[in-house]
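Working notes for the structure below.
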Amino acid sequence: MSVRIQIYFCMRQSQLFLKTRKDFPKDEVAINAQLLIRGGFVEKIMSGVYAFLPLGFRVRDRVMSIIRDEMDKLGAEMLMPALHPRSLWEVTGRWKKMESIMYQFKDHSGKEVGLGPTHEEVIALIAKPVIESYSDLPLAVYQIQTKFRDEARAKSGLLRGREFTMKDLYSFHADTASLDVYYNEVKKGYLSVFSRCGLRAFVTEASGGDFSKEYSHEFMVAADAGEDITYLCRLCGFAQNKEISKAKKGSSCPGCKDGVIEEVKTIEVGNIFKLGTRFSEPVKLLFRDEKGGMKPVIMASYGIGVERLMGTIVESSHDERGIVWPEAVAPFQVHLLGIDGEDKDVSGFCKKVYDRLLKDGVEVLYDDRKGVSPGEKFFDADLVGIPWRVVVSPKTYAHEKIEIKRRNEKEATLLKVDEFLKMIKK
RNA sequence: CGGGCUGUCGUAUACCGGUAGUACGCAUGCUUUGGGAGCAUGUAGACCGGGUUCAAUUCCCGGCAGCCCGACCA
């Protein structure tokens with residue numbers, strides 16, 4: 001995994017454009033919003049729209065890197081615009097249909113434009129010159145891009161926003177057999193994304209909406225903040241969205257017969273749809289088959305909400321003191337607290353430790369703030385939730401050692417810097 | 001989009017038809033330095049518009065904004 005090293009002041013807490021808060025924001029109930037705002041990760045600009053401060057930006061970046069890493073195995077990355085002309089959406093008749101969710105307006109010349117809530121139309125159009133023959137298929141392409149949705153009700157912090165980043169992958173096939181094979185690969189890739197983000201996700205069958213006669217699949221993470229209700233069998237992994245499920249709460253599992261169906265609240269962190277020819281036909285995305293005939297391309301789309309995923313991680317990984325970031329998405333690997341009491345020798349040692357960690361490529365946030373009490377630094381470290389806490393103080397300096405502690409453990413240990421480096425590198 | 005609740009220093013809050021108080025933050029000084037330090041002195045506030053009233057931050061109406069419940073959620 002590529003690691004972005006910012007050697008200079010960006011790793012000093014005093015220079016990180018960061019201020020934590022003691023008080024809970026009064027107008028946020030969702031845990032993810034409370035902790036992310038208090039910890040200085042995000043700032044709310046309006047309902048459903050958040051700014052990402054340096055700390056939050058780094059987490060978002062990490063989450064995107066994981067997604068990108070998995071998606072690169074499935075297709076090439078590209079980028080589509082957010083601003084679309086009305087005419088594009090008229091091809092499928094969705095300009096009117098989507099008007100409640102799509103930001104639509106006129107530019108200065110009176111031309112009607114909209115901000116894309118999704119990109120099936122755009123990608124189908126772009127695919128036309130690329131896909132001409134069965135020999136061009138299958139193909140897949142994805143983007144990580146900002147979506148706009150005029151949600152009737154933005155809610156739950158990062159979980160349902162009006163402007164958000166989505167990874168959307170689109171695949172193109174000559175036949176359903178090819179689609180089925182690929183669809184299954186994406187399913188695996190998605191599960192890998194979520195597990196690398198420290199989440200236990202399960203796949204549920206859901207209604208395909210007006211996209212698909214078949215069921216679509218949703219990737220769910222159990223959390224109280226969730227909006228969806230899933231019927232789940234913990235024994236065999238059977239899971240269905242309550243809306244479409246014929247199973248009943250408390251009844252025996254229709255999958256394995258031995259388990260019992262539980263009702264759990266879940267957050268939908270991803271979904272995948274077999275679109276069939278729903279978009280390719282109106283857009284006339286056709287290919288020539290082996291016999292020389294023209295056929296509509298079979299499509300599927302696959303989405304992951306980046307910020308929702310980040311919010312879900314907070315929902316599922318925190319304690320009473322703050323966030324507990326899984327290592328793979330943490331904004332930094334190590335939080336170095338300088339408890340030097342303004343003692344020159346101690347602060348000199350602390351600086352040496354900091355330089356050494358940097359030199360060895362450890363992503364370290366150095367709490368170098370002056371005049372901030374040790375207690376406050378400890379509280380902030382717990383709130384921000386970086387996996388390793390390293391303390392340098394007169395006590396540790398006396399032994400020429402550092403004190404290390406994992407965010408999710410209670411016990412701290414005194415170590416030499418070298419020993420610590422060996423420990424986290426293995 | 002229906003219903004409900006709420007708008008007071010940067011943040012969190014209190015009181016009140018007549019002088020807006022507290023805590024945190026921030027600033028200055030002294031002391032302090034292993035779990036949100038102490039003292040002192042400062043700093044800064046009633047969402048917008050209209051109405052009632054001698055007087056409105058307070059009561060009423062409208063708007064705007066935020067949150068919650070529901071509907072919605074390719």
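Residue numbering restarts at 1 in every chain; chains get A, B, ... in the order shown in the structure tokens, and ligands count up from 1 in that same order.
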
Checklist entry - So which residues touch A:Met46 within 9 Å, counting only C-alpha atoms (C1' of nucleotides), skipping near sequence neighbours fewer than 2 positions away, as a ChimeraX atom specification? => result /A:44,48-50 /B:65-66

Checklist entry - Given a cut-off of 7 Å, which residues of chain A touch chain B, counting only C-alpha atoms (C1' of nucleotides), written out as number ranges by chain? => result A: 23, 27-28, 118, 341, 373-376, 378-379

Atoms to include: C-alpha atoms. Write the selected residues as a compact mmCIF listing (two decimals), in the first residue's frame.
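Generated output (result.txt):
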```txt
# COMPACT_ATOMS: atom_id res chain seq x y z
CA ASP A 23 -18.43 19.68 24.36
CA ASP A 27 -27.35 19.36 16.98
CA GLU A 28 -25.82 16.00 16.25
CA THR A 118 -25.47 8.54 -10.31
CA GLY A 341 7.23 19.85 31.16
CA SER A 373 -1.39 19.74 30.21
CA PRO A 374 -0.56 16.03 30.02
CA GLY A 375 -4.15 15.19 30.87
CA GLU A 376 -5.42 17.15 27.93
CA PHE A 378 -4.14 12.03 26.84
CA PHE A 379 -7.79 12.93 26.41
```

Checklist entry - Between A:Cys256, A:Met102, A:Val324, A:Leu18, which has the minimum distance to A:Leu383 (counting only C-alpha atoms)? => result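 Of A:Cys256, A:Met102, A:Val324, A:Leu18, the one nearest A:Leu383 is A:Val324, counting only C-alpha atoms.
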
Item to check | Per-residue DSSP, stretch 35-182 of chain A, filtered to alpha helix (DSSP H), as number ranges by chain | outcome: A: 35-38, 54-71, 86-90, 94-97, 120-127, 176-182

Next on the checklist: Let's see if you can do this: from backbone DSSP, list all strand (DSSP E or B) residues in stretch 318-425 of chain A, as a ChimeraX atom specification.
Outcome noted: /A:318-319,322-323,334-338,364-367,388-392,402-406,412-415

What would the file look like if the residues just selected were written as a compact mmCIF listing (two decimals), in the first residue's frame with N, CA and C atoms?
```txt
# COMPACT_ATOMS: atom_id res chain seq x y z
N HIS A 318 -15.62 2.45 18.43
CA HIS A 318 -15.38 3.58 19.34
C HIS A 318 -15.66 3.10 20.76
N ASP A 319 -15.22 3.89 21.73
CA ASP A 319 -15.62 3.61 23.10
C ASP A 319 -16.05 4.92 23.75
N GLY A 322 -13.68 7.92 22.84
CA GLY A 322 -13.46 8.41 21.48
C GLY A 322 -13.41 7.30 20.45
N ILE A 323 -12.82 7.66 19.32
CA ILE A 323 -12.75 6.73 18.19
C ILE A 323 -11.62 5.74 18.40
N VAL A 334 0.98 6.37 14.53
CA VAL A 334 1.46 6.61 15.89
C VAL A 334 1.14 8.03 16.33
N HIS A 335 0.69 8.17 17.56
CA HIS A 335 0.46 9.49 18.15
C HIS A 335 1.52 9.69 19.23
N LEU A 336 2.46 10.55 18.94
CA LEU A 336 3.56 10.79 19.89
C LEU A 336 3.20 11.98 20.78
N LEU A 337 3.10 11.71 22.08
CA LEU A 337 2.76 12.78 23.01
C LEU A 337 4.03 13.26 23.71
N GLY A 338 4.32 14.53 23.52
CA GLY A 338 5.47 15.11 24.20
C GLY A 338 5.05 15.68 25.55
N VAL A 364 3.59 9.45 11.87
CA VAL A 364 3.44 9.83 13.27
C VAL A 364 2.88 11.24 13.38
N LEU A 365 1.93 11.39 14.28
CA LEU A 365 1.43 12.72 14.62
C LEU A 365 2.08 13.09 15.94
N TYR A 366 2.80 14.19 15.94
CA TYR A 366 3.57 14.59 17.12
C TYR A 366 2.82 15.71 17.85
N ASP A 367 2.32 15.39 19.03
CA ASP A 367 1.65 16.41 19.83
C ASP A 367 2.72 17.26 20.50
N TRP A 388 -1.52 3.60 17.87
CA TRP A 388 -0.45 3.51 18.85
C TRP A 388 -0.25 4.85 19.53
N ARG A 389 -0.19 4.82 20.85
CA ARG A 389 0.15 6.04 21.58
C ARG A 389 1.55 5.89 22.13
N VAL A 390 2.39 6.85 21.83
CA VAL A 390 3.76 6.83 22.35
C VAL A 390 3.96 8.07 23.21
N VAL A 391 4.37 7.85 24.45
CA VAL A 391 4.59 8.97 25.36
C VAL A 391 6.07 9.12 25.66
N VAL A 392 6.53 10.36 25.54
CA VAL A 392 7.88 10.68 26.01
C VAL A 392 7.73 11.71 27.11
N ILE A 402 10.66 4.90 25.64
CA ILE A 402 9.36 5.51 25.35
C ILE A 402 8.28 4.60 25.91
N GLU A 403 7.13 5.18 26.17
CA GLU A 403 6.02 4.36 26.67
C GLU A 403 5.03 4.17 25.55
N ILE A 404 4.71 2.91 25.29
CA ILE A 404 3.77 2.66 24.20
C ILE A 404 2.49 2.03 24.72
N LYS A 405 1.40 2.36 24.04
CA LYS A 405 0.11 1.78 24.39
C LYS A 405 -0.77 1.75 23.15
N ARG A 406 -1.47 0.65 23.00
CA ARG A 406 -2.43 0.58 21.90
C ARG A 406 -3.71 1.27 22.33
N ALA A 412 0.22 -0.14 29.27
CA ALA A 412 1.30 0.56 28.58
C ALA A 412 2.61 -0.15 28.89
N THR A 413 3.57 -0.02 27.96
CA THR A 413 4.86 -0.69 28.12
C THR A 413 5.99 0.29 27.84
N LEU A 414 7.08 0.15 28.61
CA LEU A 414 8.28 0.95 28.35
C LEU A 414 9.20 0.18 27.40
N LEU A 415 9.64 0.85 26.35
CA LEU A 415 10.48 0.20 25.35
C LEU A 415 11.55 1.16 24.84
```

Next on the checklist: Show me, as a PyMOL selection string, the residues that have an atom within 12 Å of B:A20 when counting only C-alpha atoms (C1' of nucleotides), minus same-chain residues fewer than 6 positions from it.
Outcome noted: chain B and resi 8-9+14+45-46+57-58

Next on the checklist: Please determine, counting only C-alpha atoms, which residue among A:Val181, A:Leu36, A:Leu286, A:Ile272 has the shortest atom-to-atom distance to A:Thr204.
Outcome noted: A:Ile272

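Every protein, DNA or RNA residue with an atom at most 9 Å from A:Arg288, where only C-alpha atoms (C1' of nucleotides) count and chain neighbours fewer than 6 positions away do not, is listed here: Glu132, Ser133, Tyr134, Ser135, Met294, Lys295 and Pro296 of chain A.
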
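Between atom CA of A:Asn32 and atom CA of A:Val314 there is a distance of 5.4 Å.
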
Checklist outcome for this item: Between atom CA of A:Pro129 and atom CA of A:Gly292 lies a distance of 17.6 Å

Checklist entry - Expressed in Å to a single decimal, how great is the separation between atom CA of A:Glu90 and atom CA of A:Ala140? => result 24.5 Å
